[in-house]
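Here's the structure we're looking at; comments come further down.
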Amino acid sequence: MPEQLQIAQSDEPLYLLSNMANRHGLVAGATGTGKTVTLQVMAESFSRIGVPVFAADVKGDLSGISQPGVDNPKIAARVTQMQLADFAFAGCPVTFWDVFGEQGHPIRATVSEMGPLLFSRLLGLNDTQEGVLALVFKIADDNGLLLLDLKDLQAMLRHVGDNAKDFQTQYGNISAASIGAIQRGLVALEQQGGAKFLGEPALNLDDMMQTDANGQGVVNILAADKLINSPKLYATFLLWMLTELFEKLPEAGDPDKPKLVFFFDEAHLLFTDLPKVIQDKVQQVVRLIRSKGVGIYFVTQNPIDVPDEVLGQLGNRVQHALRAFTPRDQKAVKAAAQTFRTNPKINIETVITELGVGEALVSFLDDKGTPNVVERALICPPHSQIGPITPEQRKQIMASSLVAGVYETVVDRESAYELLQARAGSGAVAAPVQAGGQAAAPAAAAPAERPWYDIPGITTKSGRGDTLVETVAKTAVRTVGVAVGRQLVRGLMGSLLGGSGTKRRG
Ligand SMILES: Nc1ncnc2c1ncn2[C@@H]1O[C@H](COP(=O)(O)OP(=O)(O)OP(=O)(O)O)[C@@H](O)[C@H]1O
Ligand SMILES: [Mg+2]
């Protein structure tokens with residue numbers, strides 16, 4: 001049975017329906033209007049019905065969701081005003097993650113998992129440079145050289161650069177300038193701390209989809225206060241997570257409740273300077289991931305920061321106050337107003353600018369998937385603490401988490417860097433690569449393990465330390481399970497690359 005999650009109240013309680021939660025949502029509003037608390041109230045509600053949540057915590061103030069709230073006059077007033085009969089303070093089970101490994105468990109991806117396309121975006125490469133990077137991935141692939149961490153990619157670039165002439169006949173022209181540009185990009189990435197994010201053990205998405213002993217969904221909080229200073233890294237990272245989810249999760253049909261709910265705070269960063277091809281793919285992934293039981297909620301100051309095609313897919317909406325000072329503000333107010341199903345009692349454009357803190361225009365989908373008429377409503381107070389926890393509390397939670405110790409130690413197994421070094425050391429530059437069991441495995445697994453944004457035949461996945469047999473076995477199972485989705489992914493791939501795919505391989 002679907003469940004009703006009370007998020008707000010006008011004359012009547014306003015419910016987000018659990019079986020409509022995968023139709024995505026939007027939380028928008030000017031700074032200080034209550035977006036984070038609304039996110040917190042939604043996340044708590046999902047957690048209570050056993051749905052795991054992922055949320056990026058840009059200001060550190062979402063961490064309070066791990067603690068029961070404390071009584072204060074404002075909350076008490078809201079509880080009374082909204083007549084919330086059995087309101088009780090409670091915290092949620094939380095797992096903290098951090099790309100830099102400081103405020104949470106380290107979260108990593110391998111270079112191969114990221115793939116040349118996302119990498120190019122991360123490094124800000126042009127088409128020519130992107131083409132060369134794709135070749136470097138392919139050469140690594142063809143030679144059984146695993147690309148796991150940043151030094152693997154650096155070693156591989158050096159190798160390809162040094163031997164550009166030898167590779168030319170088989171792979172086409174590889175310009176020294178492009179190699180140089182990519183290398184400079186990697187140095188910059190390293191300075192931003194990107195090296196920490198690349199390598200093994202890579203994130204196992206199952207670790208984000210847990211419930212605790214009481215059946216509550218675990219709220220996964222990504223510490224993003226530092227990450228947000230590198231907006232491209234932040235956006236690429238979240239994009240990678242989204243694509244991983246899309247790729248890994250089986251079709252879920254129309255579940256009573258989502259498998260996972262994903263909150264994108266500062267969502268405008270995701271779309272800033274995003275090349276049209278990737279933007280189109282984001283839009284497609286947002287549309288298709290619904291059937292995998294994943295709900296995506298964008299949180300942003302201004303709804304016009306989200307492209308129309310994506311905005312149109314966000315069914316559940318909470319619009320906090322907007323200012324209407326500048327022409328751009330006014331445009332945003334108009335745009336926001338137009339996205340709601342009108343209510344004769346409400347002049348949306350006027351009300352948007354008048355809303356108080358923790359008050360919003362709310363429209364959730366009804367049980368047929370149609371947006372309800374917009375209501376002016378108070379958002380429920382959270383059951384958990386508003387504002388950040390102490391560093392000690394964070395440490396304690398990290399120490400007792402389900403994944404404590406799993407990701408803390410970097411594993412640096414034999415991959416491109418080590419193999420190329422060994423070869424240089426032995427002086428046998430032209431000798432065939434001694435791939436060994438581990439290196440050969442991902443090559444065998446490549447067809448089923450490749451993310452949608454990668455170029456077919458160009459990358460391998462890490463295999464995450466599996467032996468050859470394990471990898472092949474897993475691949476076989478996955479191939480059966482995801483055959484249909486896979487075709488779809490291939491279809492996306494084809495349209496993504498269009499004509500330039502052949503050009504860049506020539
Ligand atoms: N639903 C609510 N119940 C109780 N208090 C609330 C609620 N919403 C907001 N508040 C109060 O308003 C303050 C600001 O809200 P919040 O931090 O969510 O704003 P924001 O829109 O996320 O701001 P920013 O853009 O700066 O991140 C909160 O610290 C809290 O005190
Ligand atoms: Mg906020």
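Ordering of the structure tokens sets the chain letters (A, B, ...), residue numbers begin anew at 1 in every chain, and ligands are numbered from 1 in the order given.
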
Give the residues close to ligand 2, within 8 Å, counting only C-alpha atoms and all ligand atoms; write them as a CSV table (one decimal) with all heavy atoms, in the first residue's frame.
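Everything below was put into result_3.csv:
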chain,number,residue,atom,x,y,z
A,31,THR,N,17.3,32.6,-0.6
A,31,THR,CA,18.1,32.2,0.5
A,31,THR,C,17.4,32.4,1.8
A,31,THR,O,16.7,33.5,2.0
A,31,THR,CB,19.5,32.8,0.4
A,31,THR,OG1,20.2,32.4,1.6
A,31,THR,CG2,19.4,34.3,0.4
A,32,GLY,N,17.4,31.5,2.7
A,32,GLY,CA,16.9,31.6,4.1
A,32,GLY,C,15.4,31.4,4.1
A,32,GLY,O,14.7,31.7,5.2
A,34,GLY,N,13.7,28.5,3.8
A,34,GLY,CA,13.3,27.2,4.4
A,34,GLY,C,13.6,26.0,3.5
A,34,GLY,O,13.0,24.9,3.8
A,35,LYS,N,14.3,26.1,2.5
A,35,LYS,CA,14.6,25.0,1.5
A,35,LYS,C,15.2,23.8,2.2
A,35,LYS,O,14.8,22.7,2.1
A,35,LYS,CB,15.5,25.4,0.4
A,35,LYS,CG,14.9,26.5,-0.5
A,35,LYS,CD,15.9,26.7,-1.7
A,35,LYS,CE,17.2,27.2,-1.3
A,35,LYS,NZ,17.2,28.5,-0.6
A,36,THR,N,16.3,24.1,3.0
A,36,THR,CA,17.0,22.9,3.6
A,36,THR,C,16.1,22.2,4.6
A,36,THR,O,16.1,21.0,4.7
A,36,THR,CB,18.3,23.4,4.3
A,36,THR,OG1,19.1,24.0,3.3
A,36,THR,CG2,19.0,22.3,4.9
A,37,VAL,N,15.3,23.0,5.4
A,37,VAL,CA,14.4,22.3,6.4
A,37,VAL,C,13.3,21.5,5.6
A,37,VAL,O,13.0,20.4,6.0
A,37,VAL,CB,13.8,23.4,7.3
A,37,VAL,CG1,12.8,22.7,8.2
A,37,VAL,CG2,14.9,24.0,8.2
A,58,VAL,N,25.4,21.0,1.5
A,58,VAL,CA,26.3,22.1,1.0
A,58,VAL,C,26.8,23.0,2.1
A,58,VAL,O,27.9,23.4,2.1
A,58,VAL,CB,25.5,22.9,-0.1
A,58,VAL,CG1,26.3,24.1,-0.4
A,58,VAL,CG2,25.3,22.0,-1.3
A,59,LYS,N,25.9,23.2,3.2
A,59,LYS,CA,26.4,24.1,4.2
A,59,LYS,C,26.7,23.4,5.5
A,59,LYS,O,27.0,24.0,6.5
A,59,LYS,CB,25.2,25.1,4.5
A,59,LYS,CG,25.1,26.1,3.3
A,59,LYS,CD,24.3,27.2,3.8
A,59,LYS,CE,24.1,28.2,2.6
A,59,LYS,NZ,22.8,28.9,2.7
A,61,ASP,N,24.5,22.0,7.3
A,61,ASP,CA,23.4,22.2,8.3
A,61,ASP,C,22.4,21.0,8.2
A,61,ASP,O,21.4,20.9,9.0
A,61,ASP,CB,22.7,23.5,8.1
A,61,ASP,CG,22.3,23.8,6.7
A,61,ASP,OD1,22.6,23.1,5.8
A,61,ASP,OD2,21.6,24.9,6.5

Per residue of chain A within 7 Å of ligand 1, record the nearest atom pair and its distance in Å to one decimal, counting only C-alpha atoms and all ligand atoms, with rows in chain order and ascending residue number, as a tab-separated table.
residue	atom	partner	partner_atom_place_in_ligand_line	distance
A:Gly29	CA	ligand 1	21 (O)	6.2
A:Ala30	CA	ligand 1	25 (O)	6.0
A:Thr31	CA	ligand 1	25 (O)	3.2
A:Gly32	CA	ligand 1	23 (O)	3.3
A:Thr33	CA	ligand 1	21 (O)	4.0
A:Gly34	CA	ligand 1	18 (O)	3.1
A:Lys35	CA	ligand 1	21 (O)	3.7
A:Thr36	CA	ligand 1	18 (O)	3.6
A:Val37	CA	ligand 1	18 (O)	3.9
A:Thr38	CA	ligand 1	1 (N)	5.8
A:Lys74	CA	ligand 1	4 (C)	6.8
A:Ile75	CA	ligand 1	4 (C)	5.6
A:Arg78	CA	ligand 1	3 (N)	7.0
A:Gln301	CA	ligand 1	25 (O)	6.7
A:Val357	CA	ligand 1	9 (C)	5.4
A:Gly358	CA	ligand 1	8 (N)	3.5
A:Leu378	CA	ligand 1	1 (N)	7.0
A:Ile379	CA	ligand 1	1 (N)	4.4
A:Cys380	CA	ligand 1	1 (N)	4.9
A:Pro381	CA	ligand 1	3 (N)	3.7
A:Pro382	CA	ligand 1	3 (N)	6.2
A:Ile386	CA	ligand 1	29 (O)	6.0
A:Gly387	CA	ligand 1	29 (O)	6.4

Check the smallest atom-to-atom distance from each of A:Thr95, A:Ser47, A:Asn173, A:Thr300 to Leu26 in chain A using only C-alpha atoms, then report the winner. A:Thr300

Exercise: Phe340 in chain A partners within 8 Å, only C-alpha atoms, chain neighbours under 3 positions left out, as a PyMOL selection string: chain A and resi 336-337+363+371+373-374

Write a file of the just-selected residues containing C-alpha atoms, as an mmCIF file, in the first residue's frame.
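Listed below is the output, selection_9.cif:
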data_model
loop_
_atom_site.group_PDB
_atom_site.id
_atom_site.type_symbol
_atom_site.label_atom_id
_atom_site.label_comp_id
_atom_site.auth_asym_id
_atom_site.auth_seq_id
_atom_site.Cartn_x
_atom_site.Cartn_y
_atom_site.Cartn_z
ATOM 1 C CA ALA A 336 7.497 29.563 -11.183
ATOM 2 C CA ALA A 337 3.857 30.665 -11.187
ATOM 3 C CA SER A 363 1.564 20.992 -5.163
ATOM 4 C CA PRO A 371 -0.657 17.698 -9.941
ATOM 5 C CA VAL A 373 -4.077 22.512 -7.351
ATOM 6 C CA VAL A 374 -1.490 24.693 -5.677
#

Pull the alpha helix (DSSP H) assignments for range 92-180 of chain A out of DSSP run on the backbone, and list those residues as a PyMOL selection string. chain A and resi 111-123+127-142+150-162+164-171+176-180

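Counting only C-alpha atoms and comparing A:Ala223, A:Leu260, A:Ala360, A:Ala195, the residue that lies closest to Val27 in chain A is A:Ala360.
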
Which polymer residues have any atom within 10 Å of an atom of Ala177 in chain A, counting only C-alpha atoms, with same-chain residues fewer than 6 positions away left out, as number ranges by chain? A: 129, 161, 183

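Between Met82 in chain A and the candidates A:Glu44, A:Asp225, A:Asp11, A:Gly295, the tightest atom-to-atom separation, counting only C-alpha atoms, involves A:Asp11.
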
Among A:His159, A:Arg121, A:Lys292, A:Lys138, Lys276 in chain A is approached most closely, using only C-alpha atoms, by A:Arg121

Do a neighbour search on Phe137 in chain A at 8 Å with only C-alpha atoms, toss out local chain neighbours closer than 2 positions, and write the hits as a PDB file with N, CA, C and O atoms, in the first residue's frame.
ATOM      1  N   SER A 112      38.124   4.683 -14.828  1.00  0.00           N
ATOM      2  CA  SER A 112      37.331   4.008 -15.858  1.00  0.00           C
ATOM      3  C   SER A 112      35.837   4.205 -15.650  1.00  0.00           C
ATOM      4  O   SER A 112      35.095   4.390 -16.606  1.00  0.00           O
ATOM      5  N   PRO A 116      35.635   8.727 -20.278  1.00  0.00           N
ATOM      6  CA  PRO A 116      36.251   9.884 -20.943  1.00  0.00           C
ATOM      7  C   PRO A 116      35.333  11.100 -21.056  1.00  0.00           C
ATOM      8  O   PRO A 116      35.790  12.231 -21.003  1.00  0.00           O
ATOM      9  N   LEU A 133      41.682  12.034 -25.340  1.00  0.00           N
ATOM     10  CA  LEU A 133      41.474  11.349 -24.063  1.00  0.00           C
ATOM     11  C   LEU A 133      40.740  10.021 -24.282  1.00  0.00           C
ATOM     12  O   LEU A 133      41.082   8.990 -23.691  1.00  0.00           O
ATOM     13  N   ALA A 134      39.749  10.060 -25.166  1.00  0.00           N
ATOM     14  CA  ALA A 134      39.011   8.834 -25.472  1.00  0.00           C
ATOM     15  C   ALA A 134      39.945   7.770 -26.038  1.00  0.00           C
ATOM     16  O   ALA A 134      39.838   6.587 -25.707  1.00  0.00           O
ATOM     17  N   LEU A 135      40.893   8.208 -26.877  1.00  0.00           N
ATOM     18  CA  LEU A 135      41.872   7.263 -27.438  1.00  0.00           C
ATOM     19  C   LEU A 135      42.757   6.662 -26.354  1.00  0.00           C
ATOM     20  O   LEU A 135      43.065   5.477 -26.368  1.00  0.00           O
ATOM     21  N   ILE A 139      43.289   2.821 -25.762  1.00  0.00           N
ATOM     22  CA  ILE A 139      44.599   2.159 -25.811  1.00  0.00           C
ATOM     23  C   ILE A 139      44.828   1.385 -24.503  1.00  0.00           C
ATOM     24  O   ILE A 139      45.301   0.249 -24.511  1.00  0.00           O
ATOM     25  N   ALA A 140      44.458   1.998 -23.385  1.00  0.00           N
ATOM     26  CA  ALA A 140      44.592   1.311 -22.096  1.00  0.00           C
ATOM     27  C   ALA A 140      43.757   0.032 -22.108  1.00  0.00           C
ATOM     28  O   ALA A 140      44.215  -1.042 -21.692  1.00  0.00           O
ATOM     29  N   ASP A 141      42.563   0.152 -22.616  1.00  0.00           N
ATOM     30  CA  ASP A 141      41.628  -0.958 -22.697  1.00  0.00           C
ATOM     31  C   ASP A 141      42.206  -2.095 -23.552  1.00  0.00           C
ATOM     32  O   ASP A 141      42.277  -3.250 -23.130  1.00  0.00           O
ATOM     33  N   LEU A 147      42.769   1.562 -15.637  1.00  0.00           N
ATOM     34  CA  LEU A 147      42.814   2.964 -15.225  1.00  0.00           C
ATOM     35  C   LEU A 147      41.981   3.109 -13.960  1.00  0.00           C
ATOM     36  O   LEU A 147      40.752   3.162 -14.019  1.00  0.00           O
ATOM     37  N   ILE A 458      35.872   1.709 -25.659  1.00  0.00           N
ATOM     38  CA  ILE A 458      36.946   2.594 -25.252  1.00  0.00           C
ATOM     39  C   ILE A 458      37.369   2.453 -23.793  1.00  0.00           C
ATOM     40  O   ILE A 458      38.507   2.696 -23.450  1.00  0.00           O
ATOM     41  N   THR A 459      36.491   2.069 -22.931  1.00  0.00           N
ATOM     42  CA  THR A 459      36.942   1.950 -21.548  1.00  0.00           C
ATOM     43  C   THR A 459      36.622   0.583 -20.968  1.00  0.00           C
ATOM     44  O   THR A 459      35.792  -0.149 -21.481  1.00  0.00           O
TER      45      THR A 459
END

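Comparing A:Glu418, A:Asp71, A:Asp254, A:Asp412 by their smallest distance to Met1 in chain A, the closest is A:Asp254 (using only C-alpha atoms).
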